[in-house]
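Trainee: Mind looking over this structure? Questions follow.
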Amino acid sequence: MSRFEMMVGAILTQNTAWANVEKAISNLKSARLLSPGAMAKLGRKRLAKFIRPAGYYNIKTKRLKNFIFFLFSEYGLNLDKMRGEPTAVLRKKLLGVNGVGPETCDSILLYAFDRPVFVIDAYTKRIISRHGILGQSSPYEDFQGLFMDNLAHDSAIFNEYHALIVKLAKDFCRTKPCCDGCPLDDSKNYLANNIS
DNA sequence: GACCAGGCACATC
DNA sequence: GATGTGCATGGT
């Protein structure tokens, strides 16, 4: 997956299953539109048609266009220029883009730019709050601090740890609210046994 | 046919 | 500042 593909995916996956995002990405790829330049030239209506399988296609079209405009105005659509930014600066700028919230921003930092930033998503919040470690509606930063204050700042570790959380949630926690006697109670051991 | 899925911005109080 | 609501398709 290219850097740009990851960024587009981060926006498309907002409140959406990844399987649906893959269809949208595949549409864009087939049409050779998965580059900042190509997407910048693309009209909103056509873009919306390509990303339709990912749901919320009107709002996501707007968000993708906002993001492309940001790439253009800040970096002249040059992702290498973007890559030169320090993480803290990049994070602040990304959060300034309408349609890019903390999770989308951190996904871009971790997956597209390999920065050691822990991504907090619905799965992570669910697991942490069900263990009574934090309240469900605690601030994003509180959840993030839990991991970033206790794990080595290594993008590979953050990446794998997050993948394990997603797997844990999907394997054992499909229903909402979770069943009684949920195997999540053993999630600490699960993570300890599965992390390499 | 109902319910849910790796958010976010905006309106309203 | 907290809470509620709109956005939409596809899989189970």
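In the structure tokens, chains take letters A, B, ... by order of appearance, with residues numbered from 1 within each chain and ligands from 1 in the order shown.
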Taking the DSSP assignment computed from this structure's backbone, write out as a ChimeraX atom specification all residues of chain A that belong to alpha helix (DSSP H).
Mentor: /A:3-12,18-30,36-41,44-51,57-75,79-83,87-95,102-107,122-130,140-148,155-172,187-194
Trainee: Could those residues be written to a file, using C-alpha atoms, as a compact mmCIF listing (two decimals), in the first residue's frame?
Mentor:
```txt
# COMPACT_ATOMS: atom_id res chain seq x y z
CA ARG A 3 1.63 6.30 1.42
CA PHE A 4 -1.20 8.09 -0.33
CA GLU A 5 -3.38 5.00 -0.36
CA MET A 6 -3.02 4.80 3.44
CA MET A 7 -4.08 8.42 3.80
CA VAL A 8 -7.14 7.98 1.61
CA GLY A 9 -7.96 4.76 3.47
CA ALA A 10 -7.71 6.55 6.82
CA ILE A 11 -10.42 8.99 5.75
CA LEU A 12 -12.62 6.41 4.04
CA TRP A 18 -12.43 -1.85 6.19
CA ALA A 19 -13.88 -4.38 3.73
CA ASN A 20 -16.07 -1.64 2.28
CA VAL A 21 -13.14 0.75 2.13
CA GLU A 22 -11.19 -1.80 0.09
CA LYS A 23 -13.85 -1.69 -2.61
CA ALA A 24 -13.64 2.08 -2.82
CA ILE A 25 -9.82 1.97 -2.91
CA SER A 26 -9.97 -0.69 -5.59
CA ASN A 27 -12.28 1.52 -7.70
CA LEU A 28 -9.87 4.42 -7.39
CA LYS A 29 -6.89 2.24 -8.18
CA SER A 30 -8.50 0.75 -11.29
CA PRO A 36 -2.54 13.41 -5.06
CA GLY A 37 -2.32 14.95 -8.52
CA ALA A 38 -4.98 12.74 -10.09
CA MET A 39 -7.33 13.20 -7.20
CA ALA A 40 -6.83 16.95 -7.18
CA LYS A 41 -8.09 17.14 -10.76
CA ARG A 44 -16.52 15.88 -6.74
CA LYS A 45 -19.30 14.01 -8.49
CA ARG A 46 -16.93 11.50 -10.07
CA LEU A 47 -14.98 11.07 -6.86
CA ALA A 48 -18.19 10.40 -4.97
CA LYS A 49 -19.12 7.70 -7.45
CA PHE A 50 -15.82 5.87 -6.97
CA ILE A 51 -15.92 5.91 -3.17
CA TYR A 57 -19.83 9.21 0.19
CA ASN A 58 -20.92 12.86 0.09
CA ILE A 59 -19.26 13.82 3.35
CA LYS A 60 -16.19 11.72 2.57
CA THR A 61 -15.85 13.35 -0.84
CA LYS A 62 -15.79 16.71 0.91
CA ARG A 63 -13.23 15.46 3.44
CA LEU A 64 -10.97 13.96 0.79
CA LYS A 65 -11.11 17.21 -1.17
CA ASN A 66 -10.30 19.20 1.98
CA PHE A 67 -7.36 16.92 2.57
CA ILE A 68 -6.09 17.23 -1.01
CA PHE A 69 -6.38 21.00 -0.76
CA PHE A 70 -4.29 20.83 2.41
CA LEU A 71 -1.64 18.73 0.61
CA PHE A 72 -1.62 21.26 -2.20
CA SER A 73 -1.46 24.42 -0.13
CA GLU A 74 1.08 23.13 2.41
CA TYR A 75 3.27 20.86 0.31
CA LEU A 79 4.42 13.89 -0.06
CA ASP A 80 8.20 13.82 0.42
CA LYS A 81 7.98 17.41 1.55
CA MET A 82 5.27 16.39 3.97
CA ARG A 83 7.44 13.53 5.21
CA THR A 87 5.67 14.56 13.99
CA ALA A 88 4.27 17.15 16.39
CA VAL A 89 4.07 19.79 13.66
CA LEU A 90 2.47 17.40 11.20
CA ARG A 91 -0.06 16.26 13.78
CA LYS A 92 -1.14 19.78 14.55
CA LYS A 93 -1.50 20.65 10.88
CA LEU A 94 -3.45 17.48 10.08
CA LEU A 95 -5.86 18.15 12.95
CA PRO A 102 -7.57 12.53 16.12
CA GLU A 103 -7.99 8.94 14.96
CA THR A 104 -7.70 9.73 11.27
CA CYS A 105 -4.73 11.98 11.97
CA ASP A 106 -2.89 9.38 14.05
CA SER A 107 -3.63 6.63 11.51
CA ALA A 122 -13.56 2.27 18.89
CA TYR A 123 -12.13 -1.20 19.61
CA THR A 124 -9.39 0.15 21.84
CA LYS A 125 -11.83 2.34 23.74
CA ARG A 126 -14.21 -0.56 24.20
CA ILE A 127 -11.58 -2.88 25.59
CA ILE A 128 -10.00 -0.33 27.90
CA SER A 129 -13.32 0.92 29.23
CA ARG A 130 -14.71 -2.58 29.77
CA TYR A 140 -8.89 10.59 23.26
CA GLU A 141 -5.62 11.80 24.75
CA ASP A 142 -6.24 9.86 27.97
CA PHE A 143 -6.59 6.60 26.06
CA GLN A 144 -3.57 7.42 23.96
CA GLY A 145 -1.48 8.33 27.00
CA LEU A 146 -2.19 4.95 28.53
CA PHE A 147 -0.27 3.27 25.70
CA MET A 148 2.27 5.94 24.92
CA SER A 155 6.04 2.36 15.33
CA ALA A 156 6.36 -1.39 14.71
CA ILE A 157 5.31 -2.13 18.30
CA PHE A 158 2.42 0.34 18.18
CA ASN A 159 1.36 -1.16 14.88
CA GLU A 160 1.36 -4.73 16.13
CA TYR A 161 -0.18 -3.89 19.49
CA HIS A 162 -3.03 -2.12 17.79
CA ALA A 163 -3.54 -5.00 15.36
CA LEU A 164 -3.78 -7.38 18.32
CA ILE A 165 -6.38 -5.19 19.97
CA VAL A 166 -8.45 -5.19 16.80
CA LYS A 167 -8.13 -8.96 16.53
CA LEU A 168 -9.07 -9.39 20.17
CA ALA A 169 -12.13 -7.21 19.78
CA LYS A 170 -13.22 -8.95 16.60
CA ASP A 171 -12.66 -12.46 17.90
CA PHE A 172 -14.40 -12.00 21.21
CA SER A 187 -7.24 -9.85 27.33
CA LYS A 188 -4.08 -8.95 29.21
CA ASN A 189 -2.89 -12.54 28.95
CA TYR A 190 -4.09 -12.70 25.38
CA LEU A 191 -2.01 -9.69 24.41
CA ALA A 192 0.98 -10.91 26.40
CA ASN A 193 0.85 -14.32 24.72
CA ASN A 194 0.43 -13.02 21.21
```
Trainee: Near chain A, meaning an atom within 8 Å, which residues of chain B appear when counting only C-alpha atoms (C1' of nucleotides)? Write them as a list in words.
Mentor: DA5, DG6, DG7, DC8 and DA9 of chain B
Trainee: Write to file, as an mmCIF file, in the first residue's frame, the residues of the selection just made, with C-alpha atoms (C1' of nucleotides).
Mentor:
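Dumped everything to part-v7.cif:
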```
data_model
loop_
_atom_site.group_PDB
_atom_site.id
_atom_site.type_symbol
_atom_site.label_atom_id
_atom_site.label_comp_id
_atom_site.auth_asym_id
_atom_site.auth_seq_id
_atom_site.Cartn_x
_atom_site.Cartn_y
_atom_site.Cartn_z
ATOM 1 C "C1'" DA B 5 -19.114 -1.090 11.305
ATOM 2 C "C1'" DG B 6 -11.502 1.126 13.073
ATOM 3 C "C1'" DG B 7 -15.368 9.295 13.031
ATOM 4 C "C1'" DC B 8 -16.254 13.787 12.558
ATOM 5 C "C1'" DA B 9 -18.432 18.287 12.434
#
```
Trainee: Please build the interface table for chain C against chain A with a cut-off of 8 Å, listing for each qualifying residue the nearest atom pair and the distance in Å to one decimal; count only C-alpha atoms (C1' of nucleotides), order rows by chain and increasing number, and write it as CSV.
Mentor:
```
residue,atom,partner,partner_atom,distance
C:DC7,C1',A:Tyr56,CA,5.3
C:DA8,C1',A:Gly55,CA,4.6
C:DT9,C1',A:Gly55,CA,4.3
C:DG10,C1',A:Asn20,CA,6.9
```
Trainee: Take the residues from that selection and write them out as a compact mmCIF listing (two decimals), in the first residue's frame, keeping N, CA and C atoms (P, O5', C5', C4', C3', O3' and C1' of nucleotides).
Mentor:
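Wrote out.txt, looks like this:
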```txt
# COMPACT_ATOMS: atom_id res chain seq x y z
P DC C 7 -28.57 13.60 6.48
O5' DC C 7 -27.17 12.91 6.13
C5' DC C 7 -26.05 13.73 5.81
C4' DC C 7 -24.81 12.90 5.89
C3' DC C 7 -24.87 11.59 5.06
O3' DC C 7 -23.72 11.53 4.27
C1' DC C 7 -24.00 11.20 7.19
P DA C 8 -23.77 11.14 2.80
O5' DA C 8 -23.98 9.56 2.99
C5' DA C 8 -25.13 8.91 2.56
C4' DA C 8 -24.73 7.48 2.25
C3' DA C 8 -25.89 6.56 1.86
O3' DA C 8 -25.35 5.58 1.00
C1' DA C 8 -24.92 5.76 3.81
P DT C 9 -26.25 4.73 0.01
O5' DT C 9 -25.30 3.50 -0.30
C5' DT C 9 -23.91 3.71 -0.56
C4' DT C 9 -23.10 2.61 0.09
C3' DT C 9 -23.59 1.20 -0.28
O3' DT C 9 -22.53 0.52 -0.92
C1' DT C 9 -23.24 1.43 2.07
P DG C 10 -22.81 -0.86 -1.68
O5' DG C 10 -22.44 -1.94 -0.56
C5' DG C 10 -21.11 -1.99 -0.06
C4' DG C 10 -21.02 -3.04 1.03
C3' DG C 10 -21.65 -4.38 0.68
O3' DG C 10 -20.83 -5.40 1.24
C1' DG C 10 -22.64 -3.56 2.62
```
Trainee: Provide the atom CA of Asp154 of chain A to atom CA of Gly135 of chain A distance in Å, to one decimal place.
Mentor: 26.5 Å
